[in-house]
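Novice: final39.cif is reproduced below (mmCIF, C-alpha atoms and all ligand atoms).
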data_work
#
loop_
_atom_site.label_atom_id
_atom_site.label_comp_id
_atom_site.auth_asym_id
_atom_site.auth_seq_id
_atom_site.Cartn_x
_atom_site.Cartn_y
_atom_site.Cartn_z
CA MET A 86 164.33 194.33 257.65
CA ALA A 87 161.22 194.44 255.51
CA ASP A 88 160.48 191.02 256.91
CA THR A 89 159.64 192.36 260.36
CA ALA A 90 157.48 195.13 258.98
CA ALA A 91 154.14 193.43 259.59
CA LEU A 92 154.98 193.16 263.24
CA GLU A 93 155.90 196.80 263.55
CA THR A 94 152.70 197.74 261.80
CA LEU A 95 150.54 197.13 264.79
CA THR A 96 152.80 197.53 267.79
CA GLN A 97 154.59 200.78 267.11
CA ASP A 98 152.26 203.52 268.29
CA ARG A 99 154.07 206.72 267.46
CA PHE A 100 150.94 208.78 266.99
CA SER A 101 148.09 209.29 269.34
CA LEU A 102 145.53 209.73 266.58
CA PRO A 103 142.75 208.96 266.45
CA ASP A 104 141.62 209.75 270.00
CA GLU A 105 139.46 207.27 271.92
CA GLY A 106 136.33 208.40 270.15
CA GLY A 107 137.97 207.87 266.78
CA HIS A 108 138.52 211.56 266.02
CA PHE A 109 141.26 212.95 263.83
CA GLY A 110 140.78 216.54 264.96
CA ARG A 111 137.30 217.48 263.82
CA TYR A 112 137.06 214.48 261.48
CA GLY A 113 136.16 210.82 262.01
CA GLY A 114 134.09 209.65 264.99
CA VAL A 115 131.20 207.20 265.26
CA PHE A 116 127.90 207.88 263.52
CA VAL A 117 125.89 204.65 263.38
CA PRO A 118 122.54 203.30 264.55
CA GLU A 119 122.41 202.25 268.21
CA THR A 120 122.37 198.55 267.26
CA LEU A 121 125.88 198.80 265.82
CA MET A 122 127.44 200.66 268.75
CA THR A 123 128.07 197.44 270.66
CA ALA A 124 129.56 195.70 267.64
CA LEU A 125 131.95 198.59 266.96
CA LYS A 126 132.94 198.71 270.60
CA GLU A 127 133.61 194.98 270.66
CA LEU A 128 135.62 195.25 267.45
CA GLY A 129 137.69 198.09 268.89
CA GLU A 130 138.44 196.11 272.03
CA VAL A 131 139.30 192.90 270.21
CA TYR A 132 141.58 194.82 267.86
CA GLU A 133 143.30 196.59 270.75
CA GLU A 134 143.99 193.24 272.36
CA ALA A 135 145.07 191.57 269.10
CA ARG A 136 147.53 194.27 268.10
CA GLN A 137 149.47 193.54 271.29
CA ASP A 138 149.24 189.77 271.01
CA GLU A 139 152.38 188.09 269.66
CA ALA A 140 150.39 185.09 268.46
CA TYR A 141 148.02 187.24 266.41
CA LEU A 142 150.88 189.29 264.97
CA GLY A 143 152.87 186.19 264.12
CA GLU A 144 149.90 184.69 262.31
CA LEU A 145 149.24 187.93 260.45
CA LYS A 146 152.86 188.18 259.39
CA GLY A 147 152.89 184.58 258.19
CA HIS A 148 149.78 184.98 256.02
CA LEU A 149 150.97 188.29 254.61
CA LYS A 150 154.12 186.54 253.48
CA GLU A 151 152.81 183.17 252.34
CA PHE A 152 149.29 183.94 251.14
CA ALA A 153 149.56 187.56 250.01
CA GLY A 154 153.18 187.60 248.84
CA ARG A 155 154.85 190.25 251.02
CA PRO A 156 157.20 191.98 250.97
CA THR A 157 156.41 193.47 247.55
CA GLU A 158 159.24 194.83 245.43
CA LEU A 159 160.31 198.45 245.25
CA TYR A 160 161.00 198.66 241.53
CA PHE A 161 163.05 201.24 239.65
CA ALA A 162 160.98 202.36 236.64
CA GLU A 163 163.85 202.87 234.25
CA ARG A 164 162.04 203.68 231.05
CA LEU A 165 159.44 205.89 232.72
CA THR A 166 162.29 207.78 234.40
CA GLU A 167 163.99 208.20 231.03
CA TYR A 168 160.73 209.31 229.41
CA CYS A 169 160.11 212.00 232.04
CA GLY A 170 163.71 213.16 232.09
CA GLY A 171 163.55 214.31 235.70
CA ALA A 172 163.28 212.55 239.05
CA ARG A 173 164.28 208.93 239.51
CA ILE A 174 160.99 207.05 239.72
CA TYR A 175 160.34 204.00 241.89
CA LEU A 176 157.17 201.91 242.02
CA LYS A 177 155.98 200.17 245.15
CA ARG A 178 154.58 197.02 243.58
CA GLU A 179 151.35 196.36 245.48
CA ASP A 180 150.00 195.19 242.12
CA LEU A 181 152.02 192.00 242.61
CA LEU A 182 150.05 190.94 245.68
CA HIS A 183 147.70 187.98 245.58
CA THR A 184 144.28 189.02 244.17
CA GLY A 185 145.89 192.01 242.45
CA ALA A 186 145.85 194.97 244.83
CA HIS A 187 146.78 196.22 248.30
CA LYS A 188 143.30 195.28 249.58
CA ILE A 189 144.47 191.84 250.71
CA ASN A 190 146.61 193.37 253.53
CA ASN A 191 143.48 194.59 255.28
CA ALA A 192 141.35 191.57 254.39
CA ILE A 193 143.81 189.21 256.08
CA GLY A 194 144.08 191.39 259.18
CA GLN A 195 140.32 191.59 259.56
CA VAL A 196 139.47 187.98 258.80
CA LEU A 197 141.82 187.01 261.62
CA LEU A 198 139.87 189.35 263.90
CA ALA A 199 136.59 187.77 262.74
CA LYS A 200 137.96 184.37 263.72
CA ARG A 201 139.13 185.73 267.06
CA MET A 202 135.60 187.02 267.73
CA GLY A 203 134.13 183.65 266.77
CA LYS A 204 132.09 185.05 263.86
CA GLU A 205 131.19 182.50 261.22
CA ARG A 206 129.98 184.90 258.54
CA VAL A 207 131.63 187.82 256.81
CA ILE A 208 130.08 190.60 254.74
CA ALA A 209 131.75 193.26 252.66
CA GLU A 210 130.99 195.91 250.09
CA THR A 211 133.02 196.61 247.02
CA GLY A 212 133.34 199.26 244.30
CA ALA A 213 135.87 198.06 241.76
CA GLY A 214 135.49 194.54 243.08
CA GLN A 215 139.06 194.32 244.34
CA HIS A 216 138.04 194.42 247.98
CA GLY A 217 135.31 191.88 247.27
CA VAL A 218 137.81 189.54 245.64
CA ALA A 219 140.29 189.94 248.50
CA THR A 220 137.53 189.27 251.04
CA ALA A 221 136.23 186.26 249.08
CA ALA A 222 139.78 184.88 248.98
CA VAL A 223 140.43 185.15 252.72
CA CYS A 224 136.98 183.76 253.55
CA ALA A 225 137.64 180.75 251.32
CA LYS A 226 141.04 180.29 252.95
CA PHE A 227 139.59 180.35 256.47
CA GLY A 228 136.32 178.59 255.68
CA LEU A 229 133.98 181.47 256.52
CA LYS A 230 130.68 182.26 254.80
CA CYS A 231 131.01 185.36 252.66
CA ARG A 232 128.54 187.79 251.10
CA VAL A 233 129.65 190.80 249.09
CA TYR A 234 127.40 193.74 248.18
CA MET A 235 128.12 195.57 244.97
CA GLY A 236 126.34 198.32 243.03
CA ALA A 237 124.67 196.95 239.89
CA VAL A 238 126.54 199.45 237.69
CA ASP A 239 129.87 198.41 239.22
CA MET A 240 128.96 194.74 238.71
CA GLU A 241 128.68 195.46 235.02
CA ARG A 242 131.91 197.47 234.84
CA GLN A 243 133.78 194.80 236.78
CA ALA A 244 132.14 191.58 235.61
CA LEU A 245 135.41 189.67 235.81
CA ASN A 246 135.79 190.42 239.51
CA VAL A 247 132.20 189.31 240.18
CA PHE A 248 132.99 185.98 238.58
CA ARG A 249 136.23 185.67 240.56
CA MET A 250 134.35 186.20 243.84
CA ARG A 251 131.75 183.60 242.91
CA LEU A 252 134.43 181.09 241.92
CA MET A 253 135.89 181.44 245.42
CA GLY A 254 132.53 180.66 246.96
CA ALA A 255 131.31 184.14 247.85
CA GLU A 256 127.78 185.29 247.25
CA CYS A 257 127.81 188.53 245.28
CA ILE A 258 124.66 190.63 245.63
CA GLY A 259 123.85 193.42 243.15
CA VAL A 260 122.37 196.59 244.64
CA GLU A 261 119.86 198.40 242.42
CA ALA A 262 119.18 201.44 244.61
CA GLY A 263 120.22 205.02 243.77
CA GLN A 264 123.26 205.43 241.60
CA LYS A 265 123.95 201.68 241.88
CA THR A 266 127.57 202.12 242.93
CA LEU A 267 129.64 201.91 246.10
CA LYS A 268 127.58 204.21 248.31
CA GLU A 269 124.46 202.09 247.88
CA ALA A 270 126.45 198.89 248.37
CA ILE A 271 127.73 200.23 251.72
CA ASN A 272 124.15 201.05 252.79
CA GLU A 273 123.12 197.45 252.07
CA ALA A 274 126.12 196.05 253.92
CA MET A 275 125.30 198.20 256.98
CA ARG A 276 121.68 197.03 256.84
CA ASP A 277 122.83 193.42 256.77
CA TRP A 278 125.21 194.03 259.66
CA VAL A 279 122.48 195.58 261.82
CA THR A 280 120.33 192.48 261.27
CA ASN A 281 123.04 189.82 261.71
CA VAL A 282 125.51 191.50 263.99
CA ARG A 283 125.94 188.54 266.38
CA SER A 284 127.14 186.07 263.75
CA THR A 285 128.68 188.48 261.27
CA HIS A 286 131.80 190.57 260.89
CA TYR A 287 131.78 193.44 258.39
CA ILE A 288 135.15 193.72 256.61
CA LEU A 289 135.14 197.36 255.55
CA GLY A 290 137.48 197.89 252.62
CA SER A 291 138.97 201.35 253.06
CA ALA A 292 140.16 203.81 255.71
CA LEU A 293 136.60 205.03 256.11
CA GLY A 294 133.45 204.57 258.15
CA SER A 295 133.09 204.65 261.91
CA HIS A 296 135.86 204.17 264.42
CA PRO A 297 137.74 201.81 264.71
CA TYR A 298 137.74 201.15 260.94
CA PRO A 299 139.79 204.12 259.68
CA MET A 300 142.49 203.42 262.26
CA MET A 301 142.44 199.66 261.87
CA VAL A 302 142.49 199.65 258.07
CA ARG A 303 145.35 202.17 258.13
CA ASP A 304 147.32 200.00 260.52
CA PHE A 305 146.91 196.94 258.30
CA HIS A 306 148.29 198.92 255.34
CA ARG A 307 151.17 200.61 257.15
CA VAL A 308 153.32 197.72 256.04
CA ILE A 309 153.38 199.34 252.56
CA GLY A 310 155.17 202.45 253.80
CA GLN A 311 157.38 200.57 256.23
CA GLU A 312 158.67 198.29 253.52
CA THR A 313 159.11 201.22 251.15
CA LYS A 314 161.24 203.06 253.69
CA ALA A 315 163.48 200.10 254.42
CA GLN A 316 163.83 199.19 250.74
CA LEU A 317 164.65 202.71 249.58
CA LEU A 318 167.16 203.25 252.39
CA GLU A 319 168.86 200.05 251.41
CA ARG A 320 168.90 200.94 247.73
CA GLU A 321 169.50 204.69 247.71
CA GLY A 322 170.65 205.35 251.25
CA ARG A 323 168.09 208.08 251.71
CA LEU A 324 164.43 209.03 251.91
CA PRO A 325 162.41 209.95 248.81
CA ASP A 326 161.69 213.58 247.92
CA GLU A 327 158.11 212.93 246.99
CA MET A 328 155.55 210.14 247.28
CA VAL A 329 152.35 209.86 245.26
CA ALA A 330 149.33 207.60 245.74
CA CYS A 331 145.75 207.56 244.46
CA VAL A 332 142.97 208.21 246.97
CA GLY A 333 139.56 206.58 246.92
CA GLY A 334 138.64 206.07 250.55
CA GLY A 335 142.32 206.52 251.23
CA SER A 336 143.63 203.17 252.47
CA ASN A 337 146.55 202.56 250.11
CA ALA A 338 147.61 206.20 250.43
CA ILE A 339 147.52 206.41 254.23
CA GLY A 340 149.30 203.06 254.54
CA PHE A 341 151.98 204.28 252.14
CA PHE A 342 152.35 207.74 253.74
CA PHE A 343 151.94 207.00 257.43
CA ASP A 344 155.50 206.15 258.38
CA PHE A 345 156.75 209.22 256.49
CA LEU A 346 154.49 211.76 258.22
CA ASP A 347 157.32 212.71 260.57
CA ASP A 348 159.83 213.05 257.74
CA GLU A 349 159.07 216.63 256.83
CA SER A 350 161.40 216.64 253.82
CA VAL A 351 159.20 214.09 252.07
CA ARG A 352 156.37 215.65 250.09
CA LEU A 353 153.21 213.50 250.24
CA VAL A 354 150.58 213.84 247.51
CA GLY A 355 147.23 212.08 247.21
CA VAL A 356 145.50 212.00 243.83
CA GLU A 357 141.71 212.01 243.58
CA ALA A 358 139.46 211.22 240.63
CA GLY A 359 138.84 214.31 238.50
CA GLY A 360 136.49 212.35 236.21
CA ARG A 361 135.24 214.38 233.26
CA GLY A 362 136.27 217.60 234.98
CA ILE A 363 135.46 219.48 238.18
CA LYS A 364 131.76 220.06 237.60
CA ARG A 365 128.98 218.80 239.86
CA GLY A 366 128.31 215.13 239.24
CA ASP A 367 131.27 214.66 236.92
CA HIS A 368 134.04 213.78 239.37
CA ALA A 369 134.91 212.30 242.77
CA ALA A 370 137.52 214.83 243.96
CA ARG A 371 136.21 215.54 247.45
CA PHE A 372 138.68 218.33 248.09
CA GLU A 373 137.50 220.13 244.94
CA GLY A 374 134.19 221.47 246.13
CA GLY A 375 133.43 218.98 248.90
CA LYS A 376 132.27 220.14 252.34
CA LEU A 377 132.35 218.89 255.90
CA GLY A 378 129.54 216.44 256.56
CA VAL A 379 128.64 212.96 257.76
CA LEU A 380 128.34 210.01 255.43
CA GLN A 381 128.10 206.32 256.32
CA GLY A 382 129.41 206.58 259.84
CA CYS A 383 132.09 209.21 259.53
CA LYS A 384 132.55 212.98 259.59
CA THR A 385 134.75 214.12 256.73
CA TYR A 386 134.89 215.93 253.37
CA ILE A 387 131.91 214.96 251.24
CA LEU A 388 130.57 215.92 247.85
CA GLN A 389 127.12 217.23 248.71
CA ASP A 390 124.77 220.00 247.66
CA THR A 391 123.66 222.89 249.87
CA ASP A 392 120.84 220.75 251.34
CA GLY A 393 123.34 218.09 252.38
CA GLN A 394 122.19 215.73 249.63
CA ILE A 395 125.05 213.54 248.46
CA GLU A 396 126.05 214.49 244.94
CA LEU A 397 126.47 212.10 242.08
CA THR A 398 130.05 211.12 241.45
CA HIS A 399 131.84 209.90 238.39
CA SER A 400 135.21 208.33 237.63
CA VAL A 401 136.48 206.00 234.94
CA SER A 402 137.75 203.88 237.83
CA ALA A 403 135.12 202.30 240.05
CA GLY A 404 137.54 202.13 242.97
CA LEU A 405 137.82 205.92 243.28
CA ASP A 406 134.15 206.66 242.62
CA TYR A 407 132.92 207.62 246.11
CA ALA A 408 131.57 210.86 247.63
CA ALA A 409 133.58 210.78 250.90
CA ILE A 410 137.28 210.63 251.74
CA GLY A 411 138.93 208.99 254.75
CA PRO A 412 138.94 211.31 257.80
CA GLU A 413 142.68 211.08 258.39
CA HIS A 414 143.35 212.55 254.95
CA ALA A 415 141.10 215.51 255.70
CA TYR A 416 143.02 216.06 258.94
CA TYR A 417 146.48 216.01 257.37
CA ARG A 418 145.31 218.18 254.48
CA ASP A 419 144.22 220.88 256.95
CA ARG A 420 147.66 220.72 258.52
CA GLY A 421 149.33 220.98 255.13
CA ARG A 422 151.11 217.65 255.60
CA ILE A 423 149.39 215.75 252.79
CA GLU A 424 148.66 217.65 249.56
CA PHE A 425 146.01 216.68 247.05
CA ALA A 426 145.72 216.79 243.29
CA TYR A 427 143.37 215.14 240.84
CA ALA A 428 143.62 213.36 237.49
CA GLN A 429 140.92 213.29 234.82
CA ASP A 430 139.58 210.28 232.93
CA GLU A 431 141.13 211.34 229.64
CA GLU A 432 144.63 211.69 231.09
CA VAL A 433 144.16 208.40 232.87
CA MET A 434 143.32 206.60 229.63
CA GLU A 435 146.37 208.08 227.93
CA VAL A 436 148.77 207.25 230.73
CA PHE A 437 147.34 203.74 231.10
CA GLN A 438 148.53 203.02 227.56
CA LEU A 439 151.79 204.96 227.83
CA PHE A 440 152.82 203.29 231.07
CA SER A 441 151.90 199.80 229.82
CA ARG A 442 154.12 200.26 226.78
CA LEU A 443 157.01 201.80 228.69
CA GLU A 444 157.16 199.46 231.64
CA GLY A 445 155.43 196.23 230.59
CA ILE A 446 153.06 196.57 233.55
CA LEU A 447 149.30 197.07 233.23
CA PRO A 448 148.34 199.45 236.06
CA ALA A 449 144.89 199.50 237.68
CA LEU A 450 142.90 202.54 236.52
CA GLU A 451 142.89 203.68 240.15
CA SER A 452 146.68 203.53 240.38
CA THR A 453 146.92 205.25 236.99
CA HIS A 454 145.57 208.40 238.65
CA ALA A 455 148.74 208.47 240.75
CA LEU A 456 150.83 207.86 237.64
CA VAL A 457 149.26 210.82 235.82
CA HIS A 458 150.24 213.23 238.56
CA ALA A 459 153.62 211.61 239.20
CA ILE A 460 154.61 211.96 235.54
CA LYS A 461 153.82 215.69 235.60
CA ARG A 462 155.84 216.09 238.79
CA ALA A 463 158.80 213.93 237.74
CA LYS A 464 159.26 216.17 234.68
CA GLU A 465 159.57 219.21 236.97
CA MET A 466 161.99 217.54 239.36
CA SER A 467 165.76 217.11 238.97
CA SER A 468 167.58 213.88 238.28
CA ASN A 469 169.00 214.00 241.83
CA GLU A 470 165.53 213.67 243.25
CA ILE A 471 163.54 210.53 243.99
CA LEU A 472 159.82 210.06 243.43
CA VAL A 473 158.03 206.95 244.69
CA ILE A 474 154.61 205.94 243.40
CA ASN A 475 152.39 203.42 245.11
CA LEU A 476 151.20 201.12 242.34
CA SER A 477 148.16 200.03 244.34
CA GLY A 478 146.92 197.38 241.92
CA ARG A 479 147.17 195.71 238.55
CA GLY A 480 145.03 196.55 235.54
CA ASP A 481 143.92 193.08 234.46
CA LYS A 482 140.44 193.77 235.85
CA ASP A 483 140.21 196.91 233.71
CA VAL A 484 141.26 195.71 230.28
CA ALA A 485 137.73 194.95 229.01
CA GLN A 486 136.57 198.43 230.02
CA VAL A 487 139.63 200.07 228.50
CA GLN A 488 139.09 198.16 225.27
CA GLN A 489 135.49 199.38 225.13
CA LEU A 490 136.50 202.99 225.71
CA LEU A 491 139.25 202.82 223.08
CA ASP A 492 136.87 201.24 220.54
CA LEU A 493 134.40 204.03 221.22
CA GLU A 494 137.08 206.62 220.67
CA SER A 495 138.35 205.16 217.41
CA SER A 496 134.80 204.96 216.02
CA LYS A 497 134.26 208.69 216.65
C1 LIG B 1 140.23 199.94 245.95
C2 LIG B 1 141.39 200.44 245.23
C3 LIG B 1 141.84 201.77 245.39
C4 LIG B 1 141.12 202.81 246.20
O1 LIG B 1 140.98 202.54 247.53
P1 LIG B 1 141.84 203.23 248.66
O2 LIG B 1 141.19 202.83 249.91
O3 LIG B 1 141.80 204.70 248.43
O4 LIG B 1 143.22 202.70 248.53
C5 LIG B 1 143.00 202.14 244.74
N1 LIG B 1 143.67 201.28 243.94
C6 LIG B 1 143.26 200.01 243.77
C7 LIG B 1 144.03 199.12 242.87
C8 LIG B 1 142.10 199.55 244.39
O5 LIG B 1 141.69 198.30 244.19
#
Take the structure in the file and write it out as structure tokens.
Ligand SMILES: *Cc1c(COP(=O)(O)O)cnc(C)c1O
Specialist:
Amino acid sequence: MADTAALETLTQDRFSLPDEGGHFGRYGGVFVPETLMTALKELGEVYEEARQDEAYLGELKGHLKEFAGRPTELYFAERLTEYCGGARIYLKREDLLHTGAHKINNAIGQVLLAKRMGKERVIAETGAGQHGVATAAVCAKFGLKCRVYMGAVDMERQALNVFRMRLMGAECIGVEAGQKTLKEAINEAMRDWVTNVRSTHYILGSALGSHPYPMMVRDFHRVIGQETKAQLLEREGRLPDEMVACVGGGSNAIGFFFDFLDDESVRLVGVEAGGRGIKRGDHAARFEGGKLGVLQGCKTYILQDTDGQIELTHSVSAGLDYAAIGPEHAYYRDRGRIEFAYAQDEEVMEVFQLFSRLEGILPALESTHALVHAIKRAKEMSSNEILVINLSGRGDKDVAQVQQLLDLESSK
């Protein structure tokens, strides 16, 4: 069942979105310099061909199983369920994947496309470093040159991931411009791509950017939701009542939700980063004060001021610290199909510790945002109901930062 999921991921085309221009309603599209138009068009065509090619799909499925470790478990969180005293809580264990997060699903899919296009060099950008590590891993595996751009501030917050990338042979370049986080790293990656487009494939790390990336990245992560559905049906004989996932660019969430969009009884909730609170510059919750605009190739909800200047963002988790959200999320929010909430740094720090003690699992700070909201909801739900959380990654990368924050607190 779950074993065939990777195949279904790319062949089953139940939805017509995005349209040919990459639009999800008024969101998405292609907003890049002329020099990249050809590369995006080529990528779209190669992907279209690959998704229908049994050989490509077979290879993808094999690497997802043997290299990444799919299928991941759907795990009943017994003590968390007991603690909340409401809904039965399940965790989709993407944290168990090789390199520590869902990111590897997409990295494998795209590196196979890079090979198919005959590119010998791969570039990527990374916030928390998880996408950089996943990209470094697949490039090592397939013998491709790899360069990862990372904001200098993020490099400091995620020093362990920088070292992991370098150990796997990737070049990790710190970006000193602007706020020195993900947005600036993406700018540098796009600049590199414009210059080296013939030899280089850009492995974008979330359901963001210009078409075909939001669609392609979503497709590579649909396996998360497909497995979840099959596993829960086998275990409980029914669909969940509610599903919760954290939303940075939106890739783990859309992959988790996508195959449930038609199941109207299932409530879908994305959780953004509320940072220090919903004040300008203190958070990254795009649906709390964000507006329609274009950023880095894509029309979507963006945190910007009245002049269209991108606002500063903040989150305790580097992986959610970005001013724009994936266009497909904006579309389904308008239609009321996906709801959004946010979690603040302080709650995240508390739940990180609580969850670790209850379940014996260190969650990524990103994933902890989903846990914060899910715990609130589970308490309000009945014991007949089922809540599934996508545990997008593990917290090993975050322990040094958490330790620092806790030390700071106890010295207050
Ligand atoms: C990168 C990352 C995220 C955020 O990215 P999405 O594209 O929104 O999924 C969430 N969780 C983990 C563990 C990550 O590494």
Novice: Which polymer residues have any atom within 8 Å of an atom of His216 in chain A, counting all atoms listed in the file, with same-chain residues fewer than 3 positions away left out, as a ChimeraX atom specification?
Specialist: /A:188-189,192,209-213,219-220,290
Novice: In Å, rounded to a single decimal, give me how far CA of Ile460 in chain A is from CA of Arg164 in chain A.
Specialist: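 Computed distance, CA of Arg164 in chain A to CA of Ile460 in chain A, equals 12.0 Å.
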Novice: Got a sec to check which residues lie within 7 Å of ligand LIG 1 (chain B), using all atoms listed in the file, and send them as number ranges by chain?
Specialist: A: 186-188, 213, 215-216, 290-292, 331-338, 404-405, 449, 451-452, 477-479
Novice: Within 10 Å of range 465-467 of chain A, counting only C-alpha atoms, which residues qualify if same-chain residues fewer than 6 places away don't, as a PyMOL selection string?
Specialist: chain A and resi 169-173+326-327+459
Novice: For the atom pair CA of Leu182 in chain A and CA of Leu229 in chain A, what is the interatomic distance in Å to one decimal place?
Specialist: 21.6 Å
Novice: Mind checking which residues fall within 9 Å of Phe345 in chain A, counting all atoms listed in the file, ignoring those fewer than 6 positions away in the same chain, and posting them as a PyMOL selection string?
Specialist: chain A and resi 310-311+314+324+351+353
Novice: Output C-alpha atoms for every residue in the selection just made, as a PDB file, in the coordinates of the input.
Specialist:
ATOM      1  CA  GLY A 310     155.170 202.450 253.800  1.00  0.00           C
ATOM      2  CA  GLN A 311     157.380 200.570 256.230  1.00  0.00           C
ATOM      3  CA  LYS A 314     161.240 203.060 253.690  1.00  0.00           C
ATOM      4  CA  LEU A 324     164.430 209.030 251.910  1.00  0.00           C
ATOM      5  CA  VAL A 351     159.200 214.090 252.070  1.00  0.00           C
ATOM      6  CA  LEU A 353     153.210 213.500 250.240  1.00  0.00           C
TER       7      LEU A 353
END
Novice: Quick one: residues within 12 Å of Gly217 in chain A, only C-alpha atoms, excluding same-chain residues fewer than 4 positions away - as a ChimeraX atom specification?
Specialist: /A:184-186,188-189,191-192,207-213,221-224,231-236,239-240,243,245-251,253-258,267,270,287-291,404
Novice: Suppose we keep C-alpha atoms; can you now write the selection as an mmCIF file, in the frame of the given file?
Specialist:
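Final output, again.cif:
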data_model
loop_
_atom_site.group_PDB
_atom_site.id
_atom_site.type_symbol
_atom_site.label_atom_id
_atom_site.label_comp_id
_atom_site.auth_asym_id
_atom_site.auth_seq_id
_atom_site.Cartn_x
_atom_site.Cartn_y
_atom_site.Cartn_z
ATOM 1 C CA THR A 184 144.280 189.020 244.170
ATOM 2 C CA GLY A 185 145.890 192.010 242.450
ATOM 3 C CA ALA A 186 145.850 194.970 244.830
ATOM 4 C CA LYS A 188 143.300 195.280 249.580
ATOM 5 C CA ILE A 189 144.470 191.840 250.710
ATOM 6 C CA ASN A 191 143.480 194.590 255.280
ATOM 7 C CA ALA A 192 141.350 191.570 254.390
ATOM 8 C CA VAL A 207 131.630 187.820 256.810
ATOM 9 C CA ILE A 208 130.080 190.600 254.740
ATOM 10 C CA ALA A 209 131.750 193.260 252.660
ATOM 11 C CA GLU A 210 130.990 195.910 250.090
ATOM 12 C CA THR A 211 133.020 196.610 247.020
ATOM 13 C CA GLY A 212 133.340 199.260 244.300
ATOM 14 C CA ALA A 213 135.870 198.060 241.760
ATOM 15 C CA ALA A 221 136.230 186.260 249.080
ATOM 16 C CA ALA A 222 139.780 184.880 248.980
ATOM 17 C CA VAL A 223 140.430 185.150 252.720
ATOM 18 C CA CYS A 224 136.980 183.760 253.550
ATOM 19 C CA CYS A 231 131.010 185.360 252.660
ATOM 20 C CA ARG A 232 128.540 187.790 251.100
ATOM 21 C CA VAL A 233 129.650 190.800 249.090
ATOM 22 C CA TYR A 234 127.400 193.740 248.180
ATOM 23 C CA MET A 235 128.120 195.570 244.970
ATOM 24 C CA GLY A 236 126.340 198.320 243.030
ATOM 25 C CA ASP A 239 129.870 198.410 239.220
ATOM 26 C CA MET A 240 128.960 194.740 238.710
ATOM 27 C CA GLN A 243 133.780 194.800 236.780
ATOM 28 C CA LEU A 245 135.410 189.670 235.810
ATOM 29 C CA ASN A 246 135.790 190.420 239.510
ATOM 30 C CA VAL A 247 132.200 189.310 240.180
ATOM 31 C CA PHE A 248 132.990 185.980 238.580
ATOM 32 C CA ARG A 249 136.230 185.670 240.560
ATOM 33 C CA MET A 250 134.350 186.200 243.840
ATOM 34 C CA ARG A 251 131.750 183.600 242.910
ATOM 35 C CA MET A 253 135.890 181.440 245.420
ATOM 36 C CA GLY A 254 132.530 180.660 246.960
ATOM 37 C CA ALA A 255 131.310 184.140 247.850
ATOM 38 C CA GLU A 256 127.780 185.290 247.250
ATOM 39 C CA CYS A 257 127.810 188.530 245.280
ATOM 40 C CA ILE A 258 124.660 190.630 245.630
ATOM 41 C CA LEU A 267 129.640 201.910 246.100
ATOM 42 C CA ALA A 270 126.450 198.890 248.370
ATOM 43 C CA TYR A 287 131.780 193.440 258.390
ATOM 44 C CA ILE A 288 135.150 193.720 256.610
ATOM 45 C CA LEU A 289 135.140 197.360 255.550
ATOM 46 C CA GLY A 290 137.480 197.890 252.620
ATOM 47 C CA SER A 291 138.970 201.350 253.060
ATOM 48 C CA GLY A 404 137.540 202.130 242.970
#
Novice: Nearest to Leu102 in chain A among A:Lys384, A:Arg303, A:His148, A:Arg371, with distances taken over only C-alpha atoms: which residue is it?
Specialist: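 Once distances to Leu102 in chain A are computed over only C-alpha atoms, the minimum belongs to A:Arg303.
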Novice: Just want the 12 Å neighbourhood of Gly129 in chain A, counted on only C-alpha atoms, with same-chain residues fewer than 5 positions away dropped. Output as a PyMOL selection string.
Specialist: chain A and resi 105-107+115+122-124+134-136+195+198+202+295-302
Novice: Between A:Ala315, A:Leu380, A:Val131, A:Ile395, single out the one closest to Gln264 in chain A, counting all atoms listed in the file.
Specialist: A:Ile395
Novice: Could you check the closest approach to Thr398 in chain A for each of A:Arg422, A:His306, A:Lys268, A:Arg283 and tell me which residue wins, using only C-alpha atoms?
Specialist: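 Ranked by minimum distance to Thr398 in chain A, first place goes to A:Lys268.
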Novice: Quick one: pull the distance between CA of His286 in chain A and CA of Leu197 in chain A, Å, one decimal.
Specialist: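 For CA of His286 in chain A relative to CA of Leu197 in chain A, the distance reads 10.7 Å.
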Novice: So, counting all atoms listed in the file, which residue among A:Gly228, A:Gly366, A:Gly378, A:Gly445 is closest to Pro412 in chain A?
Specialist: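 Between A:Gly228, A:Gly366, A:Gly378, A:Gly445, the residue approaching Pro412 in chain A most closely is A:Gly378.
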Novice: Nearest to Thr280 in chain A: which of A:Thr120, A:Gln488, A:Asn475, A:Thr453 is it, counting all atoms listed in the file?
Specialist: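 Checking each candidate against Thr280 in chain A, we get A:Thr120 as the closest.
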Novice: Using all atoms listed in the file, which residue out of A:Glu357, A:Asp344, A:Asp481, A:Glu205 lies closest to Ile446 in chain A?
Specialist: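 The closest residue to Ile446 in chain A is A:Asp481.
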Novice: Within 7 Å of (134.8, 211.7, 241.1), in the coordinates the file gives, what residues turn up when you count all atoms listed in the file, written out as an mmCIF file with C-alpha atoms, in the coordinates of the input?
Specialist:
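File point_26.cif, as written:
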data_model
loop_
_atom_site.group_PDB
_atom_site.id
_atom_site.type_symbol
_atom_site.label_atom_id
_atom_site.label_comp_id
_atom_site.auth_asym_id
_atom_site.auth_seq_id
_atom_site.Cartn_x
_atom_site.Cartn_y
_atom_site.Cartn_z
ATOM 1 C CA ALA A 358 139.460 211.220 240.630
ATOM 2 C CA GLY A 359 138.840 214.310 238.500
ATOM 3 C CA GLY A 360 136.490 212.350 236.210
ATOM 4 C CA ASP A 367 131.270 214.660 236.920
ATOM 5 C CA HIS A 368 134.040 213.780 239.370
ATOM 6 C CA ALA A 369 134.910 212.300 242.770
ATOM 7 C CA ALA A 370 137.520 214.830 243.960
ATOM 8 C CA THR A 398 130.050 211.120 241.450
ATOM 9 C CA HIS A 399 131.840 209.900 238.390
ATOM 10 C CA SER A 400 135.210 208.330 237.630
ATOM 11 C CA LEU A 405 137.820 205.920 243.280
ATOM 12 C CA ASP A 406 134.150 206.660 242.620
ATOM 13 C CA TYR A 407 132.920 207.620 246.110
#
